[in-house]
file run36.tsv (TSV, C-alpha atoms)
chain	number	residue	atom	x	y	z
A	15	MET	CA	7.85	-9.58	-18.98
A	16	TYR	CA	8.82	-12.94	-17.53
A	17	LEU	CA	12.52	-12.07	-17.87
A	18	TRP	CA	12.01	-8.69	-16.20
A	19	GLN	CA	10.08	-10.21	-13.29
A	20	THR	CA	12.75	-12.90	-12.92
A	21	LYS	CA	15.45	-10.24	-12.86
A	22	LEU	CA	13.61	-8.46	-10.04
A	23	ASN	CA	13.24	-11.70	-8.09
A	24	ILE	CA	16.94	-12.52	-8.43
A	25	ARG	CA	17.89	-9.04	-7.25
A	26	GLN	CA	15.68	-9.58	-4.23
A	27	ARG	CA	17.26	-12.97	-3.53
A	28	ASP	CA	20.69	-11.35	-3.52
A	29	ARG	CA	19.49	-8.99	-0.80
A	30	LEU	CA	18.00	-11.86	1.19
A	31	HIS	CA	21.37	-13.64	1.14
A	32	ASP	CA	23.01	-10.59	2.71
A	33	VAL	CA	23.46	-11.26	6.44
A	34	ARG	CA	24.11	-7.59	7.29
A	35	ARG	CA	21.20	-5.86	8.93
A	36	PRO	CA	20.10	-2.73	7.03
A	37	LYS	CA	20.92	0.74	8.15
A	38	GLY	CA	19.03	1.81	11.20
A	39	ILE	CA	17.52	-1.38	12.65
A	40	ALA	CA	20.40	-3.00	14.51
A	41	THR	CA	19.26	-1.54	17.83
A	42	PHE	CA	15.89	-3.29	17.82
A	43	ILE	CA	16.15	-6.18	15.33
A	44	SER	CA	18.41	-9.00	16.49
A	45	ARG	CA	20.55	-10.91	14.03
A	46	GLN	CA	18.52	-14.06	14.65
A	47	VAL	CA	15.23	-12.30	13.89
A	48	TYR	CA	16.73	-10.72	10.79
A	49	LEU	CA	18.07	-14.05	9.48
A	50	GLU	CA	14.74	-15.79	10.17
A	51	ALA	CA	12.93	-13.13	8.14
A	52	ASN	CA	15.43	-13.58	5.31
A	53	ALA	CA	14.97	-17.36	5.38
A	54	TYR	CA	11.20	-16.92	5.10
A	55	GLY	CA	11.69	-14.49	2.22
A	56	LEU	CA	14.04	-16.88	0.44
A	57	ASP	CA	11.60	-19.78	0.73
A	58	LYS	CA	8.81	-17.64	-0.72
A	59	SER	CA	11.13	-16.37	-3.45
A	60	SER	CA	12.17	-19.91	-4.42
A	61	LEU	CA	8.55	-20.95	-4.77
A	62	LEU	CA	7.78	-17.83	-6.79
A	63	LEU	CA	10.66	-18.47	-9.20
A	64	VAL	CA	9.50	-22.05	-9.78
A	65	ARG	CA	5.87	-20.98	-10.14
A	66	ASP	CA	6.74	-18.22	-12.62
A	67	PHE	CA	8.96	-20.57	-14.65
A	68	ILE	CA	6.32	-23.28	-14.88
A	69	GLY	CA	3.70	-20.63	-15.61
A	70	GLN	CA	5.82	-19.35	-18.49
A	71	LEU	CA	6.21	-22.90	-19.84
A	72	GLN	CA	2.44	-23.36	-19.62
A	73	THR	CA	1.77	-20.09	-21.44
A	74	THR	CA	4.28	-20.98	-24.15
A	75	ALA	CA	2.70	-24.42	-24.60
A	76	ILE	CA	-0.81	-22.95	-24.68
A	77	ILE	CA	0.21	-20.57	-27.48
A	78	ALA	CA	2.43	-23.00	-29.41
A	79	TYR	CA	-0.11	-25.83	-29.42
A	80	ASP	CA	-3.23	-23.68	-29.99
A	81	VAL	CA	-4.80	-24.79	-26.72
A	82	VAL	CA	-7.11	-21.75	-26.58
A	83	PRO	CA	-8.72	-22.38	-30.01
A	84	TRP	CA	-9.05	-26.07	-29.15
A	85	LEU	CA	-10.77	-25.36	-25.83
A	86	TRP	CA	-13.00	-22.78	-27.52
A	87	GLU	CA	-14.13	-25.38	-30.06
A	88	GLN	CA	-14.68	-28.04	-27.41
A	89	VAL	CA	-16.87	-25.71	-25.37
A	90	GLY	CA	-18.74	-24.73	-28.53
A	91	GLN	CA	-19.65	-28.34	-29.18
A	92	VAL	CA	-21.38	-28.38	-25.80
A	93	THR	CA	-22.97	-24.93	-25.76
A	94	GLY	CA	-23.97	-24.64	-29.41
A	95	GLU	CA	-23.53	-21.66	-31.74
A	96	ASN	CA	-24.57	-18.88	-29.36
A	97	VAL	CA	-21.30	-16.94	-28.94
A	98	LEU	CA	-22.33	-15.37	-25.63
A	99	VAL	CA	-23.14	-18.75	-24.07
A	100	GLN	CA	-19.97	-20.21	-25.55
A	101	SER	CA	-17.92	-17.36	-24.08
A	102	VAL	CA	-19.34	-17.91	-20.60
A	103	GLY	CA	-18.73	-21.65	-20.96
A	104	PHE	CA	-15.16	-20.96	-22.00
A	105	PHE	CA	-14.70	-18.73	-18.96
A	106	VAL	CA	-15.98	-21.48	-16.67
A	107	ALA	CA	-13.70	-24.11	-18.24
A	108	ALA	CA	-10.64	-21.83	-18.20
A	109	SER	CA	-11.27	-20.82	-14.58
A	110	VAL	CA	-11.50	-24.43	-13.44
A	111	LEU	CA	-8.36	-25.32	-15.37
A	112	SER	CA	-6.44	-22.35	-13.94
A	113	THR	CA	-7.50	-23.27	-10.41
A	114	VAL	CA	-6.39	-26.88	-10.85
A	115	LEU	CA	-3.00	-25.86	-12.26
A	116	GLY	CA	-2.42	-23.48	-9.36
A	117	LEU	CA	-3.40	-25.88	-6.58
A	118	PRO	CA	0.00	-27.63	-6.20
A	119	PHE	CA	1.70	-24.28	-5.60
A	120	ASP	CA	-1.00	-23.13	-3.19
A	121	ILE	CA	-0.74	-26.37	-1.23
A	122	TYR	CA	3.05	-26.14	-1.07
A	123	SER	CA	2.90	-22.49	-0.02
A	124	THR	CA	0.38	-23.16	2.74
A	125	PHE	CA	1.48	-26.51	4.13
A	126	VAL	CA	5.23	-26.34	3.54
A	127	VAL	CA	6.48	-22.74	3.43
A	128	GLU	CA	3.94	-21.13	5.79
A	129	LYS	CA	3.96	-24.11	8.15
A	130	LYS	CA	7.77	-24.25	8.25
A	131	HIS	CA	7.90	-20.64	9.42
A	132	GLY	CA	5.10	-20.97	11.95
A	133	PHE	CA	2.33	-19.09	10.15
A	134	ASN	CA	-0.10	-21.68	8.81
A	135	LYS	CA	-3.08	-22.54	11.00
A	136	GLN	CA	-5.25	-24.12	8.31
A	137	THR	CA	-6.29	-27.73	8.23
A	138	MET	CA	-6.39	-29.52	4.91
A	139	GLY	CA	-10.17	-29.60	5.15
A	140	LEU	CA	-10.36	-25.83	5.59
A	141	PHE	CA	-7.95	-25.32	2.69
A	142	TRP	CA	-10.11	-27.36	0.31
A	143	ALA	CA	-13.28	-25.69	1.55
A	144	ASP	CA	-11.74	-22.27	0.89
A	145	ALA	CA	-10.53	-23.33	-2.55
A	146	LEU	CA	-13.97	-24.62	-3.53
A	147	LYS	CA	-15.79	-21.57	-2.20
A	148	SER	CA	-13.34	-19.25	-3.97
A	149	LEU	CA	-13.82	-21.04	-7.29
A	150	LEU	CA	-17.61	-21.04	-6.97
A	151	LEU	CA	-17.57	-17.32	-6.15
A	152	VAL	CA	-15.40	-16.59	-9.19
A	153	LEU	CA	-17.81	-18.48	-11.42
A	154	ALA	CA	-20.99	-17.11	-9.82
A	155	LEU	CA	-19.83	-13.50	-9.95
A	156	GLY	CA	-17.59	-13.61	-12.99
A	157	ALA	CA	-19.99	-15.29	-15.41
A	158	PRO	CA	-22.77	-12.64	-15.28
A	159	VAL	CA	-20.23	-9.80	-15.32
A	160	LEU	CA	-18.57	-11.32	-18.39
A	161	ALA	CA	-21.92	-11.78	-20.08
A	162	GLY	CA	-22.79	-8.14	-19.39
A	163	PHE	CA	-19.39	-6.99	-20.67
A	164	LEU	CA	-19.73	-8.91	-23.93
A	165	TRP	CA	-23.33	-7.76	-24.39
A	166	VAL	CA	-22.27	-4.12	-23.97
A	167	ILE	CA	-19.52	-4.52	-26.58
A	168	GLU	CA	-21.91	-6.11	-29.03
A	169	ARG	CA	-24.61	-3.45	-28.58
A	170	THR	CA	-22.73	-0.16	-28.25
A	171	GLY	CA	-20.46	0.03	-31.30
A	172	GLU	CA	-17.02	1.59	-31.64
A	173	ARG	CA	-17.19	3.50	-28.36
A	174	PHE	CA	-18.09	0.45	-26.37
A	175	TYR	CA	-15.17	1.17	-24.04
A	176	LEU	CA	-17.12	4.00	-22.39
A	177	TYR	CA	-20.14	1.82	-21.68
A	178	ALA	CA	-18.01	-1.15	-20.63
A	179	TRP	CA	-16.10	1.14	-18.27
A	180	ALA	CA	-19.38	2.39	-16.76
A	181	LEU	CA	-20.49	-1.21	-16.28
A	182	MET	CA	-17.26	-2.20	-14.54
A	183	ALA	CA	-17.35	0.92	-12.36
A	184	GLY	CA	-20.77	-0.16	-11.13
A	185	VAL	CA	-19.55	-3.71	-10.56
A	186	GLN	CA	-16.55	-2.47	-8.60
A	187	LEU	CA	-18.71	-0.32	-6.35
A	188	LEU	CA	-21.06	-3.24	-5.79
A	189	MET	CA	-18.13	-5.49	-4.86
A	190	ILE	CA	-16.81	-2.91	-2.39
A	191	LEU	CA	-20.25	-2.98	-0.79
A	192	ILE	CA	-20.84	-6.73	-0.66
A	193	TYR	CA	-17.32	-8.08	-0.11
A	194	PRO	CA	-17.00	-7.22	3.59
A	195	THR	CA	-20.66	-7.87	4.40
A	196	VAL	CA	-21.46	-10.92	2.25
A	197	ILE	CA	-18.33	-12.55	0.83
A	198	GLN	CA	-15.75	-12.29	3.59
A	199	PRO	CA	-18.10	-13.71	6.27
A	200	MET	CA	-18.16	-16.87	4.16
A	201	PHE	CA	-14.52	-17.37	5.13
A	202	ASN	CA	-14.13	-15.68	8.51
A	203	LYS	CA	-16.16	-15.07	11.66
A	204	PHE	CA	-16.77	-11.47	12.68
A	205	ASP	CA	-17.67	-10.73	16.29
A	206	PRO	CA	-18.23	-7.35	17.98
A	207	LEU	CA	-15.09	-6.23	19.79
A	208	PRO	CA	-15.72	-6.94	23.48
A	209	GLU	CA	-16.23	-4.11	25.93
A	210	GLY	CA	-13.00	-2.96	27.52
A	211	ASP	CA	-10.11	-0.53	27.27
A	212	LEU	CA	-9.44	-1.22	23.60
A	213	ARG	CA	-13.01	-0.68	22.49
A	214	GLU	CA	-13.31	2.48	24.59
A	215	ALA	CA	-10.06	3.88	23.19
A	216	ILE	CA	-11.04	3.22	19.57
A	217	GLU	CA	-14.52	4.68	20.05
A	218	ALA	CA	-12.99	7.74	21.71
A	219	LEU	CA	-10.60	8.21	18.78
A	220	ALA	CA	-13.45	7.80	16.28
A	221	GLY	CA	-15.49	10.39	18.15
A	222	ARG	CA	-12.55	12.76	18.29
A	223	LEU	CA	-12.20	12.59	14.50
A	224	GLU	CA	-15.97	12.57	13.86
A	225	PHE	CA	-15.59	9.22	12.16
A	226	PRO	CA	-19.07	7.70	11.61
A	227	LEU	CA	-18.30	4.39	13.30
A	228	LYS	CA	-21.21	1.97	12.90
A	229	LYS	CA	-19.64	-1.35	13.89
A	230	LEU	CA	-16.39	-2.46	15.52
A	231	TYR	CA	-15.40	-6.05	14.82
A	232	VAL	CA	-12.70	-8.55	15.66
A	233	VAL	CA	-12.12	-11.21	12.98
A	234	ASP	CA	-10.73	-14.70	13.54
A	235	GLY	CA	-7.70	-14.34	11.25
A	236	SER	CA	-5.84	-16.82	13.49
A	237	LYS	CA	-8.01	-19.61	12.04
A	238	ARG	CA	-5.80	-19.57	8.96
A	239	SER	CA	-2.65	-17.65	9.73
A	240	SER	CA	-0.77	-15.78	12.44
A	241	HIS	CA	-0.33	-12.77	10.15
A	242	SER	CA	-2.20	-9.69	11.41
A	243	ASN	CA	-4.00	-6.63	10.07
A	244	ALA	CA	-6.68	-4.00	10.67
A	245	TYR	CA	-8.82	-2.08	8.19
A	246	VAL	CA	-11.72	0.31	7.72
A	247	PHE	CA	-14.56	-0.16	5.24
A	248	GLY	CA	-18.03	1.07	4.46
A	249	PHE	CA	-19.81	3.88	2.62
A	250	PHE	CA	-21.04	7.24	3.89
A	251	LYS	CA	-22.36	7.05	7.48
A	252	ALA	CA	-22.01	3.29	7.89
A	253	LYS	CA	-18.29	2.86	8.53
A	254	ARG	CA	-16.86	-0.22	10.18
A	255	ILE	CA	-13.49	-1.03	11.71
A	256	VAL	CA	-12.16	-4.61	11.67
A	257	ILE	CA	-9.24	-5.79	13.82
A	258	TYR	CA	-7.59	-9.18	13.47
A	259	ASP	CA	-7.45	-11.23	16.64
A	260	THR	CA	-3.76	-11.82	15.94
A	261	LEU	CA	-3.13	-8.06	16.13
A	262	ILE	CA	-4.77	-7.95	19.55
A	263	GLU	CA	-2.48	-10.77	20.69
A	264	GLN	CA	0.69	-9.16	19.35
A	265	CYS	CA	0.30	-5.47	20.28
A	266	THR	CA	-0.71	-3.36	23.26
A	267	THR	CA	-3.91	-1.31	23.42
A	268	ASP	CA	-2.13	1.97	22.63
A	269	GLU	CA	-0.29	0.36	19.71
A	270	ILE	CA	-3.52	-1.00	18.23
A	271	VAL	CA	-5.15	2.42	18.60
A	272	ALA	CA	-2.13	3.85	16.74
A	273	VAL	CA	-2.73	1.39	13.90
A	274	VAL	CA	-6.41	2.34	13.85
A	275	GLY	CA	-5.33	5.97	13.75
A	276	HIS	CA	-3.27	5.13	10.67
A	277	GLU	CA	-6.31	3.50	9.03
A	278	LEU	CA	-8.48	6.48	9.92
A	279	GLY	CA	-5.83	8.63	8.28
A	280	HIS	CA	-6.61	6.86	5.00
A	281	TRP	CA	-10.28	7.76	5.51
A	282	LYS	CA	-9.64	11.35	6.54
A	283	LYS	CA	-7.43	12.02	3.53
A	284	SER	CA	-9.75	10.20	1.07
A	285	HIS	CA	-7.06	7.72	0.06
A	286	THR	CA	-9.57	4.99	-0.72
A	287	VAL	CA	-11.48	7.29	-3.05
A	288	ARG	CA	-8.26	8.33	-4.77
A	289	MET	CA	-7.17	4.73	-5.32
A	290	LEU	CA	-10.64	3.87	-6.60
A	291	LEU	CA	-10.50	6.74	-9.11
A	292	MET	CA	-7.04	5.66	-10.21
A	293	ALA	CA	-8.30	2.12	-10.73
A	294	GLN	CA	-11.18	3.45	-12.81
A	295	LEU	CA	-8.80	5.42	-15.02
A	296	GLN	CA	-6.73	2.29	-15.54
A	297	ILE	CA	-9.81	0.26	-16.47
A	298	LEU	CA	-10.87	2.94	-18.94
A	299	LEU	CA	-7.38	2.90	-20.48
A	300	ILE	CA	-7.49	-0.90	-20.76
A	301	PHE	CA	-10.88	-0.88	-22.48
A	302	TYR	CA	-9.90	1.95	-24.82
A	303	SER	CA	-6.70	0.12	-25.77
A	304	PHE	CA	-8.69	-3.05	-26.36
A	305	SER	CA	-11.05	-1.15	-28.67
A	306	CYS	CA	-8.05	-0.48	-30.91
A	307	PHE	CA	-7.36	-4.21	-31.29
A	308	VAL	CA	-10.70	-5.97	-30.98
A	309	THR	CA	-11.47	-5.81	-34.72
A	310	GLU	CA	-7.91	-6.53	-35.84
A	311	PRO	CA	-8.08	-9.94	-37.60
A	312	HIS	CA	-4.32	-10.52	-37.47
A	313	MET	CA	-4.43	-10.70	-33.68
A	314	TYR	CA	-6.84	-13.63	-33.84
A	315	GLU	CA	-5.08	-15.31	-36.76
A	316	SER	CA	-1.71	-15.17	-35.00
A	317	PHE	CA	-3.21	-17.24	-32.16
A	318	GLY	CA	-4.81	-19.75	-34.53
A	319	VAL	CA	-8.41	-18.60	-34.06
A	320	GLU	CA	-10.99	-18.51	-36.85
A	321	GLY	CA	-13.29	-15.51	-36.71
A	322	MET	CA	-13.07	-12.78	-34.08
A	323	PRO	CA	-14.81	-13.86	-30.87
A	324	VAL	CA	-14.54	-10.93	-28.45
A	325	MET	CA	-13.93	-13.21	-25.47
A	326	LEU	CA	-10.76	-14.60	-27.01
A	327	GLY	CA	-9.77	-11.20	-28.34
A	328	PHE	CA	-9.76	-9.80	-24.81
A	329	LEU	CA	-7.76	-12.80	-23.61
A	330	PHE	CA	-5.11	-12.32	-26.31
A	331	PHE	CA	-5.05	-8.58	-25.75
A	332	GLN	CA	-3.91	-9.15	-22.18
A	333	TYR	CA	-0.66	-10.60	-23.49
A	334	LEU	CA	-0.06	-7.40	-25.46
A	335	TYR	CA	-1.08	-5.22	-22.54
A	336	GLU	CA	1.34	-6.72	-19.99
A	337	PRO	CA	4.17	-4.15	-20.37
A	338	LEU	CA	1.79	-1.22	-19.91
A	339	GLY	CA	0.13	-3.06	-17.05
A	340	MET	CA	3.43	-3.30	-15.22
A	341	VAL	CA	4.04	0.43	-15.67
A	342	LEU	CA	0.58	1.20	-14.29
A	343	GLN	CA	1.18	-1.14	-11.35
A	344	PHE	CA	4.37	0.76	-10.61
A	345	ALA	CA	2.40	4.03	-10.64
A	346	THR	CA	-0.19	2.49	-8.31
A	347	ASN	CA	2.54	1.41	-5.89
A	348	VAL	CA	4.00	4.92	-5.89
A	349	MET	CA	0.64	6.44	-5.00
A	350	SER	CA	-0.03	3.77	-2.38
A	351	ARG	CA	3.33	4.43	-0.71
A	352	ILE	CA	2.62	8.16	-0.59
A	353	HIS	CA	-0.70	7.38	1.08
A	354	GLU	CA	1.00	5.12	3.63
A	355	PHE	CA	3.45	7.84	4.62
A	356	GLN	CA	0.57	10.32	4.94
A	357	ALA	CA	-1.47	7.91	7.08
A	358	ASP	CA	1.56	7.27	9.30
A	359	ALA	CA	2.00	11.02	9.71
A	360	PHE	CA	-1.69	11.38	10.55
A	361	SER	CA	-1.41	8.83	13.35
A	362	ARG	CA	1.78	10.51	14.58
A	363	ASP	CA	0.07	13.92	14.63
A	364	LEU	CA	-2.69	12.40	16.75
A	365	GLY	CA	-0.01	11.68	19.34
A	366	TYR	CA	0.60	8.02	18.49
A	367	GLY	CA	3.93	8.27	16.64
A	368	GLU	CA	5.94	6.26	19.18
A	369	GLN	CA	3.20	3.65	19.58
A	370	LEU	CA	2.82	3.27	15.81
A	371	ALA	CA	6.56	2.83	15.37
A	372	SER	CA	6.61	0.23	18.16
A	373	CYS	CA	3.71	-1.68	16.59
A	374	LEU	CA	5.28	-1.56	13.11
A	375	ILE	CA	8.45	-3.10	14.54
A	376	LYS	CA	6.49	-5.81	16.36
A	377	LEU	CA	4.46	-6.67	13.24
A	378	GLN	CA	7.61	-6.75	11.13
A	379	ILE	CA	9.12	-9.26	13.55
A	380	GLU	CA	5.95	-11.33	14.00
A	381	ASN	CA	5.25	-11.49	10.25
A	382	LYS	CA	8.94	-12.11	9.40
A	383	ALA	CA	8.62	-9.44	6.73
A	384	THR	CA	11.66	-8.66	4.61
A	385	MET	CA	13.62	-5.88	6.29
A	386	ASN	CA	16.14	-5.07	3.57
A	387	PRO	CA	14.35	-5.33	0.20
A	388	ASP	CA	16.06	-4.53	-3.07
A	389	PRO	CA	14.99	-0.98	-4.02
A	390	LEU	CA	13.97	-1.89	-7.58
A	391	TYR	CA	12.10	-5.02	-6.49
A	392	SER	CA	10.39	-3.05	-3.75
A	393	ALA	CA	9.36	-0.27	-6.15
A	394	PHE	CA	7.63	-2.68	-8.51
A	395	THR	CA	6.08	-5.09	-6.01
A	396	TYR	CA	5.54	-3.36	-2.65
A	397	SER	CA	2.45	-1.25	-2.05
A	398	HIS	CA	3.83	-0.26	1.39
A	399	PRO	CA	7.19	1.41	2.11
A	400	PRO	CA	9.88	-0.72	3.80
A	401	LEU	CA	10.08	-0.56	7.59
A	402	VAL	CA	13.20	1.63	7.79
A	403	GLU	CA	11.67	4.27	5.51
A	404	ARG	CA	8.49	4.40	7.58
A	405	LEU	CA	10.36	4.66	10.86
A	406	ASP	CA	12.59	7.37	9.42
A	407	ALA	CA	9.55	9.35	8.28
A	408	LEU	CA	8.04	8.98	11.76
A	409	GLY	CA	11.23	10.35	13.27
A	410	ASN	CA	11.88	7.20	15.30
A	411	PRO	CA	14.71	7.96	17.74
A	412	HIS	CA	15.84	4.31	17.81
A	413	LEU	CA	17.11	4.32	14.23
A	414	ALA	CA	20.82	3.69	14.11
A	415	SER	CA	23.19	5.50	11.81
A	416	LYS	CA	25.21	2.69	10.31
A	417	ASP	CA	25.04	-0.88	9.13
A	418	GLU	CA	26.18	-3.69	11.34

call {"tool": "encode", "arguments": {"input": "run36.tsv", "output": "C-alpha cells"}}
result
Amino acid sequence: MYLWQTKLNIRQRDRLHDVRRPKGIATFISRQVYLEANAYGLDKSSLLLVRDFIGQLQTTAIIAYDVVPWLWEQVGQVTGENVLVQSVGFFVAASVLSTVLGLPFDIYSTFVVEKKHGFNKQTMGLFWADALKSLLLVLALGAPVLAGFLWVIERTGERFYLYAWALMAGVQLLMILIYPTVIQPMFNKFDPLPEGDLREAIEALAGRLEFPLKKLYVVDGSKRSSHSNAYVFGFFKAKRIVIYDTLIEQCTTDEIVAVVGHELGHWKKSHTVRMLLMAQLQILLIFYSFSCFVTEPHMYESFGVEGMPVMLGFLFFQYLYEPLGMVLQFATNVMSRIHEFQADAFSRDLGYGEQLASCLIKLQIENKATMNPDPLYSAFTYSHPPLVERLDALGNPHLASKDE
C-alpha cells in the first residue's frame, strides 16, 4: 500500500510542476495565484513523501524487531496478568509513542510549511497545548471504548462482531453529540453571530427552508489558521450553524449565505445520515472480517506473539485490512463527491449559484488549494470535487474553453 500511495503522490507532484493553468480557470485565476497554489501543494507533498517513507521504515522496524510483542510484555510487567488492563495499558503506551513520533512532522508542517505560505497563526505555546489536550482526549475517550470493545468480544462468542458493531454505533452517535458541544470548545471559542445583515439573511434562509435553527455561531478559526469553513451540526430540532471568522473576512454576505445554502443542502438531502450509515456498514465489515482472523494462531505467531491477545490481533489485522480499507475509502470519496455536487445544485436552485461560484473561487485562492489535481490522486484522496468540476456543474459562465 505504501508503493501505491507513493505512486499517487508522485503523479500529483507531476501535476503541481505543470505551470499551465487547467482548462477553464484562466479568466479568473492569475498565473501568479496558480503558481503560488502549486508551490504550497509541492511543499505539502514533499513533507508527505518524507513522512510516509519514514513511517514505512518505522513499521518495517516494528515488525522486523518484534517491537509490539516487546512492548506488550513490558506493559504486562506493570499491569499484571489481567489481559484487559494490559490491553488498555498497551493502548496508552502505543498512543503516547505514536504522538511523540509524529510531533516533528506536525511541528514542521505548522511552523515551516503553513507559516511559509501565510496560513499559520498558532504560537508554539498554543501548539503544545493543543497537542497535549488532543493526546489526553484520545486516552480518556479511547481507553474506555477499547475496554468495552474487548469485553464485548470476550463475552459474546463467535458473533461478537454484531455486538461490537452495536457498541461502536452508539459511541459514534455519542461523539457526534458531544464533539461540537464539549470537545471542540476546548480548542476554539464560539460566540453568537452578531446582529446584522448576515445574521438576518441566514435566519431568513433557515426559515424559508424550515430548518430548525437553534444557534448561530462564529468560531475563532483565525486563532490557528487563515483557512476557512462553515458547517451545520446537531440532532432533530436543535440544529446549529457555525461560520469561521476567516470566512466572514474573505467573502461577502451573499456569498456566505450561498455557502450556508450549500450546507443546508446536505441537511435537506440527508447526506449526513447517508454518510453515517455508510460508515456503519464499513465498521460492520471490518469487525466481521476481524472475526475471521481473531482465532487464527498463525497471525499471532507470524508477528512473534505468544498466545492470542485480542488487542494485538486487532492491531495486526489492520495491516491485512489496508487494501480493502483503501477501496472503501475510494467508495466513500465517490459518495461524498456526489453529495457535494447535489449540495452545490441545491444552493444554486435557491438562487445563489453565482454567489456560490464566486465564493468557491475566492476560497480556492485564499486557501491556495490545488487547482489542477491528478485525476487518480484526486479520486483516492479528495472528498470534494476539484474547483473546475464544481464550477462546470454550476454552469459558471466564466469558465474558459481552453488551456493557457

call {"tool": "closest_residue", "arguments": {"input": "run36.tsv", "among": "A:Thr74, A:Gln296, A:Leu187, A:Ser44", "to": "Leu338 (chain A)", "atoms": "all atoms listed in the file"}}
result
A:Gln296

call {"tool": "closest_residue", "arguments": {"input": "run36.tsv", "among": "A:Thr267, A:Ser284, A:Ser397, A:Ser239", "to": "Arg213 (chain A)", "atoms": "all atoms listed in the file"}}
result
A:Thr267

call {"tool": "atom_distance", "arguments": {"input": "run36.tsv", "atom1": "CA of Val308 (chain A)", "atom2": "CA of Met289 (chain A)"}}
result
28.0 Å

call {"tool": "atom_distance", "arguments": {"input": "run36.tsv", "atom1": "CA of His312 (chain A)", "atom2": "CA of Leu326 (chain A)"}}
result
12.9 Å

call {"tool": "residues_around", "arguments": {"input": "run36.tsv", "residues": "Glu269 (chain A)", "least_positions_apart": "4", "cutoff": "6 Å", "atoms": "all atoms listed in the file", "output": "PDB file with C-alpha atoms, keeping the file's coordinate frame"}}
result
ATOM      1  CA  CYS A 265       0.300  -5.470  20.280  1.00  0.00           C
ATOM      2  CA  GLN A 369       3.200   3.650  19.580  1.00  0.00           C
ATOM      3  CA  LEU A 370       2.820   3.270  15.810  1.00  0.00           C
ATOM      4  CA  CYS A 373       3.710  -1.680  16.590  1.00  0.00           C
TER       5      CYS A 373
END

call {"tool": "closest_residue", "arguments": {"input": "run36.tsv", "among": "A:Leu405, A:Ile121, A:Asn52, A:Ala154", "to": "Met138 (chain A)", "atoms": "only C-alpha atoms"}}
result
A:Ile121

call {"tool": "closest_residue", "arguments": {"input": "run36.tsv", "among": "A:Val159, A:Leu207, A:Val152, A:Leu188", "to": "Val233 (chain A)", "atoms": "all atoms listed in the file"}}
result
A:Leu207

call {"tool": "atom_distance", "arguments": {"input": "run36.tsv", "atom1": "CA of His353 (chain A)", "atom2": "CA of Glu263 (chain A)"}}
result
26.8 Å

call {"tool": "residues_around", "arguments": {"input": "run36.tsv", "residues": "Thr266 (chain A)", "least_positions_apart": "2", "cutoff": "12 Å", "atoms": "only C-alpha atoms", "output": "PDB file with C-alpha atoms, keeping the file's coordinate frame"}}
result
ATOM      1  CA  ASP A 211     -10.110  -0.530  27.270  1.00  0.00           C
ATOM      2  CA  LEU A 212      -9.440  -1.220  23.600  1.00  0.00           C
ATOM      3  CA  ALA A 215     -10.060   3.880  23.190  1.00  0.00           C
ATOM      4  CA  THR A 260      -3.760 -11.820  15.940  1.00  0.00           C
ATOM      5  CA  LEU A 261      -3.130  -8.060  16.130  1.00  0.00           C
ATOM      6  CA  ILE A 262      -4.770  -7.950  19.550  1.00  0.00           C
ATOM      7  CA  GLU A 263      -2.480 -10.770  20.690  1.00  0.00           C
ATOM      8  CA  GLN A 264       0.690  -9.160  19.350  1.00  0.00           C
ATOM      9  CA  ASP A 268      -2.130   1.970  22.630  1.00  0.00           C
ATOM     10  CA  GLU A 269      -0.290   0.360  19.710  1.00  0.00           C
ATOM     11  CA  ILE A 270      -3.520  -1.000  18.230  1.00  0.00           C
ATOM     12  CA  VAL A 271      -5.150   2.420  18.600  1.00  0.00           C
ATOM     13  CA  ALA A 272      -2.130   3.850  16.740  1.00  0.00           C
ATOM     14  CA  VAL A 273      -2.730   1.390  13.900  1.00  0.00           C
ATOM     15  CA  GLN A 369       3.200   3.650  19.580  1.00  0.00           C
ATOM     16  CA  LEU A 370       2.820   3.270  15.810  1.00  0.00           C
ATOM     17  CA  SER A 372       6.610   0.230  18.160  1.00  0.00           C
ATOM     18  CA  CYS A 373       3.710  -1.680  16.590  1.00  0.00           C
ATOM     19  CA  LEU A 374       5.280  -1.560  13.110  1.00  0.00           C
ATOM     20  CA  LYS A 376       6.490  -5.810  16.360  1.00  0.00           C
ATOM     21  CA  LEU A 377       4.460  -6.670  13.240  1.00  0.00           C
TER      22      LEU A 377
END

call {"tool": "closest_residue", "arguments": {"input": "run36.tsv", "among": "A:Pro208, A:Leu22, A:Val102, A:Gln70", "to": "Ala157 (chain A)", "atoms": "all atoms listed in the file"}}
result
A:Val102

call {"tool": "residues_around", "arguments": {"input": "run36.tsv", "residues": "Gly221 (chain A)", "least_positions_apart": "6", "cutoff": "12 Å", "atoms": "all atoms listed in the file", "output": "PyMOL selection string"}}
result
chain A and resi 214-215+227-228+275+278

call {"tool": "closest_residue", "arguments": {"input": "run36.tsv", "among": "A:Met182, A:Leu329, A:Met349, A:Leu223", "to": "Arg288 (chain A)", "atoms": "only C-alpha atoms"}}
result
A:Met349

call {"tool": "closest_atom_pairs", "arguments": {"input": "run36.tsv", "of": "region 74-174 of chain A", "to": "region 299-302 of chain A", "cutoff": "10 Å", "atoms": "all atoms listed in the file", "output": "tab-separated table"}}
result
residue	atom	partner	partner_atom	distance
A:Glu172	CA	A:Tyr302	CA	9.9
A:Arg173	CA	A:Tyr302	CA	8.3
A:Phe174	CA	A:Phe301	CA	8.3

call {"tool": "residues_near_point", "arguments": {"input": "run36.tsv", "point": "(-9.5, 5.7, 1.8)", "cutoff": "12 Å", "atoms": "all atoms listed in the file", "output": "list in words"}}
result
Tyr245, Val246, Phe247, Gly248, Phe249, Phe250, Lys253, His276, Glu277, Leu278, Gly279, His280, Trp281, Lys282, Lys283, Ser284, His285, Thr286, Val287, Arg288, Met289, Leu290, Leu291, Ser350, His353, Glu354, Gln356 and Ala357 of chain A

call {"tool": "residues_around", "arguments": {"input": "run36.tsv", "residues": "Tyr231 (chain A)", "least_positions_apart": "2", "cutoff": "8 Å", "atoms": "all atoms listed in the file", "output": "list of chain:residue names"}}
result
A:Phe204, A:Asp205, A:Pro206, A:Leu207, A:Lys229, A:Val233, A:Arg254, A:Ile255, A:Val256, A:Ile257

call {"tool": "axis_aligned_box", "arguments": {"input": "run36.tsv", "around": "region 216-219 of chain A", "padding_each_side": "3 Å", "output": "lines of an AutoDock Vina configuration file"}}
result
center_x = -12.6
center_y = 5.7
center_z = 20.2
size_x = 9.9
size_y = 11.0
size_z = 8.9
